[in-house]
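The file run.cif contains mmCIF, C-alpha atoms:
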```cif
data_entry
loop_
_atom_site.label_atom_id
_atom_site.label_comp_id
_atom_site.auth_asym_id
_atom_site.auth_seq_id
_atom_site.Cartn_x
_atom_site.Cartn_y
_atom_site.Cartn_z
CA MET A 488 3.88 -5.55 -10.79
CA ALA A 489 2.61 -3.13 -8.15
CA LEU A 490 3.63 0.44 -7.42
CA TRP A 491 3.31 1.64 -3.81
CA THR A 492 2.43 5.33 -3.52
CA ARG A 493 1.85 7.89 -0.80
CA SER A 494 2.38 11.39 -2.26
CA ALA A 495 2.47 12.96 -5.70
CA SER A 496 4.05 15.93 -7.46
CA PRO A 497 4.00 17.42 -10.98
CA SER A 498 7.27 15.63 -11.78
CA GLU A 499 5.72 12.29 -10.76
CA GLY A 500 2.72 13.06 -12.94
CA ALA A 501 5.03 13.69 -15.88
CA LEU A 502 6.86 10.43 -15.13
CA TRP A 503 3.56 8.54 -15.07
CA GLY A 504 2.55 10.07 -18.40
CA GLY A 505 5.89 9.23 -20.03
CA LEU A 506 5.87 5.64 -18.81
CA THR A 507 2.27 5.19 -19.93
CA GLU A 508 3.04 6.60 -23.38
CA ALA A 509 5.96 4.18 -23.65
CA LYS A 510 3.65 1.33 -22.58
CA ALA A 511 6.06 0.53 -19.76
CA LEU A 512 3.23 0.22 -17.20
CA ASP A 513 1.18 -2.50 -18.85
CA GLY A 514 -0.03 -4.82 -16.10
CA THR A 515 1.02 -2.43 -13.32
CA VAL A 516 -1.32 -1.93 -10.36
CA ILE A 517 -1.18 1.32 -8.40
CA LEU A 518 -1.48 0.41 -4.71
CA SER A 519 -2.27 3.39 -2.48
CA ASP A 520 -3.63 4.52 0.86
CA GLY A 521 -6.73 5.89 -0.85
CA ALA A 522 -5.68 9.46 -1.63
CA GLY A 523 -7.65 10.70 -4.64
CA GLN A 524 -4.64 11.54 -6.81
CA PHE A 525 -3.78 7.84 -7.01
CA ALA A 526 -7.10 6.66 -8.41
CA ILE A 527 -5.48 6.22 -11.81
CA GLY A 528 -4.79 3.27 -14.04
CA GLU A 529 -5.43 -0.09 -12.46
CA HIS A 530 -5.86 0.83 -8.81
CA ALA A 531 -5.90 -1.12 -5.53
CA ARG A 532 -6.49 0.08 -1.97
CA CYS A 533 -4.44 -0.73 1.14
CA TRP A 534 -6.34 -2.91 3.64
CA VAL A 535 -4.27 -1.71 6.59
CA HIS A 536 -5.27 1.90 5.92
CA MET A 537 -8.87 0.78 5.57
CA GLU A 538 -8.88 -0.88 9.01
CA ARG A 539 -6.95 2.07 10.46
CA GLN A 540 -9.94 4.32 9.73
CA ILE A 541 -12.15 2.02 11.78
CA HIS A 542 -9.57 1.81 14.56
CA ALA A 543 -9.47 5.62 14.75
CA LEU A 544 -13.23 5.96 15.34
CA ASP A 545 -14.13 7.26 18.79
CA SER A 546 -16.64 5.02 20.57
CA PHE A 547 -18.50 6.32 23.63
CA THR A 548 -20.82 3.51 24.67
CA GLU A 549 -20.42 -0.20 25.25
CA PRO A 550 -22.61 -1.13 22.20
CA GLN A 551 -20.45 1.13 20.01
CA ARG A 552 -17.27 -0.48 21.31
CA ARG A 553 -18.69 -3.96 20.69
CA ALA A 554 -19.78 -3.02 17.15
CA LYS A 555 -16.37 -1.58 16.35
CA ALA A 556 -14.53 -4.62 17.75
CA LEU A 557 -16.81 -6.97 15.77
CA ILE A 558 -16.12 -5.23 12.47
CA GLN A 559 -12.38 -5.08 13.14
CA SER A 560 -12.20 -8.78 14.01
CA ARG A 561 -14.10 -9.75 10.86
CA ILE A 562 -11.91 -7.55 8.67
CA TRP A 563 -8.69 -9.07 10.07
CA TRP A 564 -10.16 -12.56 9.75
CA LEU A 565 -10.95 -11.90 6.10
CA TYR A 566 -7.55 -10.23 5.60
CA ASN A 567 -5.72 -13.34 6.84
CA ASP A 568 -7.89 -15.64 4.73
CA ILE A 569 -7.14 -13.56 1.62
CA LYS A 570 -3.40 -13.76 2.41
CA ALA A 571 -3.70 -17.54 2.58
CA TRP A 572 -5.76 -17.60 -0.64
CA CYS A 573 -3.01 -15.70 -2.49
CA LEU A 574 -0.69 -18.67 -1.97
CA SER A 575 -3.07 -20.96 -3.84
CA PRO A 576 -5.77 -18.88 -5.56
CA THR A 577 -8.91 -20.43 -7.02
CA PRO A 578 -11.90 -18.64 -8.63
CA ARG A 579 -14.46 -20.35 -6.37
CA ARG A 580 -12.66 -19.32 -3.19
CA ALA A 581 -12.25 -15.78 -4.56
CA ARG A 582 -16.02 -15.48 -4.97
CA GLU A 583 -16.55 -16.68 -1.39
CA LEU A 584 -14.08 -14.09 -0.08
CA ALA A 585 -15.75 -11.33 -2.09
CA ARG A 586 -19.15 -12.26 -0.63
CA ARG A 587 -17.68 -12.10 2.89
CA PHE A 588 -16.35 -8.61 2.15
CA ASP A 589 -19.80 -7.55 0.96
CA ARG A 590 -21.43 -8.90 4.12
CA ILE A 591 -18.97 -7.05 6.37
CA VAL A 592 -19.24 -3.65 4.69
CA GLY A 593 -23.00 -4.10 4.31
CA MET A 594 -23.62 -4.60 8.03
CA LYS A 595 -25.84 -2.19 9.98
CA THR A 596 -24.35 -1.83 13.45
CA ARG A 597 -26.50 1.09 14.76
CA PHE A 598 -23.20 2.90 15.36
CA VAL A 599 -23.95 5.70 12.88
CA THR A 600 -20.35 6.87 12.32
CA LEU A 601 -19.17 3.30 11.76
CA ASP A 602 -22.06 2.55 9.38
CA ARG A 603 -21.20 5.65 7.33
CA LEU A 604 -17.56 4.58 7.14
CA LEU A 605 -18.54 1.08 6.01
CA ALA A 606 -20.71 2.65 3.32
CA ARG A 607 -17.71 4.67 2.05
CA ILE A 608 -15.59 1.53 2.00
CA ARG A 609 -18.34 -0.25 0.08
CA THR A 610 -18.28 2.39 -2.66
CA ASP A 611 -14.62 1.53 -3.35
CA ARG A 612 -15.23 -2.23 -3.37
CA GLN A 613 -13.45 -2.75 -6.69
CA SER A 614 -10.17 -1.30 -5.41
CA PHE A 615 -10.20 -3.30 -2.17
CA LEU A 616 -11.00 -6.54 -4.00
CA LYS A 617 -8.44 -6.00 -6.77
CA ILE A 618 -6.32 -8.50 -4.85
CA LEU A 619 -8.78 -11.24 -5.84
CA GLN A 620 -7.99 -10.54 -9.48
CA ARG A 621 -4.28 -9.97 -8.94
CA PRO A 622 -3.01 -12.19 -6.09
CA ASP A 623 0.54 -11.11 -6.98
CA ILE A 624 0.07 -7.63 -5.47
CA PRO A 625 0.39 -6.81 -1.74
CA LEU A 626 -2.58 -6.16 0.52
CA HIS A 627 -0.93 -3.12 2.08
CA THR A 628 1.46 -0.23 1.44
CA ASN A 629 3.90 -1.11 4.23
CA GLY A 630 6.68 -1.39 1.64
CA SER A 631 6.47 2.28 0.71
CA GLU A 632 5.88 3.29 4.34
CA ASN A 633 9.17 1.64 5.29
CA ASP A 634 10.99 3.13 2.30
CA ILE A 635 10.21 6.73 3.26
CA ARG A 636 10.54 6.31 7.04
CA SER A 637 14.13 7.56 7.01
CA VAL A 638 13.02 10.72 5.17
CA VAL A 639 10.30 11.38 7.73
CA THR A 640 12.72 10.83 10.62
CA ARG A 641 15.26 13.21 9.12
CA ARG A 642 12.56 15.81 8.47
CA LYS A 643 11.47 15.67 12.10
CA ILE A 644 15.05 16.32 13.21
CA SER A 645 16.29 18.85 10.66
CA GLY A 646 13.08 20.28 9.20
CA GLY A 647 13.89 19.15 5.68
CA THR A 648 16.19 20.45 2.97
CA HIS A 649 17.05 24.11 2.25
CA SER A 650 16.47 23.99 -1.51
CA ASP A 651 14.86 22.05 -4.33
CA GLN A 652 18.32 20.89 -5.37
CA GLY A 653 18.90 19.49 -1.89
CA ARG A 654 15.58 17.70 -1.94
CA ALA A 655 16.31 16.22 -5.36
CA ALA A 656 19.76 15.06 -4.21
CA ARG A 657 18.33 13.50 -1.05
CA ASP A 658 15.54 11.70 -2.89
CA THR A 659 17.91 10.42 -5.59
CA MET A 660 20.44 9.06 -3.10
CA LEU A 661 17.71 7.51 -0.95
CA SER A 662 16.11 5.85 -3.98
CA MET A 663 19.45 4.32 -5.01
CA MET A 664 20.19 3.21 -1.45
CA LYS A 665 16.81 1.52 -1.02
CA THR A 666 17.07 -0.14 -4.43
CA CYS A 667 20.54 -1.47 -3.65
CA ASN A 668 19.32 -2.80 -0.32
CA LYS A 669 16.43 -4.67 -1.93
CA LEU A 670 18.77 -6.15 -4.52
CA GLY A 671 21.29 -7.26 -1.89
CA VAL A 672 23.95 -4.86 -3.19
CA SER A 673 26.21 -2.75 -0.97
CA PHE A 674 25.26 0.89 -1.53
CA TRP A 675 28.80 2.04 -0.70
CA ASP A 676 30.30 -0.43 -3.17
CA TYR A 677 27.80 0.79 -5.75
CA LEU A 678 28.82 4.42 -5.21
CA GLY A 679 32.49 3.50 -5.20
CA ASP A 680 32.17 1.68 -8.50
CA ARG A 681 30.35 4.63 -10.10
CA LEU A 682 33.00 7.05 -8.81
CA GLY A 683 35.83 4.90 -10.16
CA ILE A 684 37.16 3.76 -6.79
CA PRO A 685 38.92 0.38 -7.11
CA GLY A 686 36.85 -2.48 -5.75
CA SER A 687 34.15 -4.92 -6.74
CA LYS A 688 32.36 -4.32 -10.02
CA ILE A 689 28.65 -3.52 -9.63
CA LEU A 690 26.35 -3.92 -12.61
CA PRO A 691 24.00 -1.04 -13.50
CA LEU A 692 20.84 -1.10 -11.38
CA PRO A 693 18.51 -1.51 -14.41
CA VAL A 694 20.42 -4.68 -15.32
CA LEU A 695 20.14 -6.01 -11.76
CA LEU A 696 16.43 -5.18 -11.67
CA ALA A 697 15.81 -6.93 -14.98
CA GLY A 698 17.64 -9.98 -13.68
CA ARG A 699 15.58 -10.01 -10.51
#
```
Representation of the structure as structure tokens:
Amino acid sequence: MALWTRSASPSEGALWGGLTEAKALDGTVILSDGAGQFAIGEHARCWVHMERQIHALDSFTEPQRRAKALIQSRIWWLYNDIKAWCLSPTPRRARELARRFDRIVGMKTRFVTLDRLLARIRTDRQSFLKILQRPDIPLHTNGSENDIRSVVTRRKISGGTHSDQGRAARDTMLSMMKTCNKLGVSFWDYLGDRLGIPGSKILPLPVLLAGR
């Protein structure tokens, strides 16, 4: 099981502590974009965010542009090979992929900013290569990015909620809506059933999740 994360709050910290105390997170991997507050438990880093840092580097000379393009191409090549490996993982192939990662992040390109970034990536090797221990987790956080996109769009239009109660209501409804969507359940039917409106019977979401 993997948890996708982007932001944290005291309430989420309390939730994490409660779930840990109840041993409900055994085997869970925290997959994040690299923000420090998520370096907890068994942690994995998003490869898309890693490459995005390289993509964002400004290059001013032709050698710098070539060095940047070379690193990007090798990272995406390795990324695709790891995706293929996840379908049929073997220890020998995992070791080969790990060595390729080490060669990429250990390269000296003479593009100083790029070399410093590769060195930072190298220091978090364990998180980036967690996928080679747990091929069941994703390589990226696109799932959580998509889940909160509607919140970001609404915030851009309306500026957010007026109160903490409004924020809590919005987040609760959005969480239920996204969960229903992933389970193939009509959100409106789910609400109608909970409000006692005649219609199809919808099982409690924890039951549906357990079944899935």
Task: Explicit residues for the PyMOL selection byres ((chain A and resi 535) around 9) (as a PyMOL selection string) - done: chain A and resi 520+533-534+536-540+626-629
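Reported to one decimal place, the separation of CA of Leu518 (chain A) from CA of Trp503 (chain A) is 14.1 Å.
Straight-line separation from CA of Cys573 (chain A) to CA of Leu544 (chain A): 29.9 Å.
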Open item on the list: Using all atoms listed in the file - which residues lie no farther than 6 Å from the point (33.2, -2.8, -6.4) in the file's frame? Write them as number ranges by chain.
Closed with: A: 676, 680, 686-689
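Non-sequential neighbours of region 583-585 of chain A (distance at most 9 Å, separation of 4 or more positions within a chain, all atoms listed in the file) are Leu565, Asp568, Ile569, Pro578, Arg579, Asp589, Arg590, Leu616 and Leu619 of chain A.
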- [ ] Between A:Ala556, A:Ile517, A:Ile624, A:Ala531, single out the one closest to Lys570 (chain A), counting only C-alpha atoms.
- [x] A:Ile624
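Here CA of Pro622 (chain A) and CA of Ser575 (chain A) stand 9.1 Å from one another.
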Find the residues with any atom within 12 Å of (19.6, -1.3, -12.7); use only C-alpha atoms and the coordinates as given in the file, and write the answer as a short mmCIF file (atom, residue, chain, number, x, y, z; two decimals) with C-alpha atoms, in the coordinates of the input.
```
data_model
loop_
_atom_site.label_atom_id
_atom_site.label_comp_id
_atom_site.auth_asym_id
_atom_site.auth_seq_id
_atom_site.Cartn_x
_atom_site.Cartn_y
_atom_site.Cartn_z
CA SER A 662 16.11 5.85 -3.98
CA MET A 663 19.45 4.32 -5.01
CA THR A 666 17.07 -0.14 -4.43
CA CYS A 667 20.54 -1.47 -3.65
CA LYS A 669 16.43 -4.67 -1.93
CA LEU A 670 18.77 -6.15 -4.52
CA VAL A 672 23.95 -4.86 -3.19
CA TYR A 677 27.80 0.79 -5.75
CA ILE A 689 28.65 -3.52 -9.63
CA LEU A 690 26.35 -3.92 -12.61
CA PRO A 691 24.00 -1.04 -13.50
CA LEU A 692 20.84 -1.10 -11.38
CA PRO A 693 18.51 -1.51 -14.41
CA VAL A 694 20.42 -4.68 -15.32
CA LEU A 695 20.14 -6.01 -11.76
CA LEU A 696 16.43 -5.18 -11.67
CA ALA A 697 15.81 -6.93 -14.98
CA GLY A 698 17.64 -9.98 -13.68
CA ARG A 699 15.58 -10.01 -10.51
#
```
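Comparing A:Leu502, A:Arg586, A:Ala522, A:Arg603 by their smallest distance to Ile541 (chain A), the closest is A:Arg603 (using all atoms listed in the file).
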- [ ] Give me the residues within 12 Å of region 591-602 of chain A as a ChimeraX atom specification, counting all atoms listed in the file and dropping any in the same chain fewer than 2 places off.
- [x] /A:537-538,540-566,584-589,604-612,615
Open item on the list: Given only C-alpha atoms as the basis, pick out the residue of A:Arg681, A:Ile618, A:Glu529, A:Met664 nearest to Ala571 (chain A).
Closed with: A:Ile618
- [ ] With a distance cut-off of 10 Å and all atoms listed in the file, select the neighbouring residues of Leu512 (chain A), excluding the residue or stretch itself and same-chain residues fewer than 2 positions from it, and output the selection as a count of residues only.
- [x] 17
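Minimum distance to Ala581 (chain A) across A:Asp651, A:Gln620, A:Phe674, A:Ile684 (counting all atoms listed in the file) occurs at A:Gln620.
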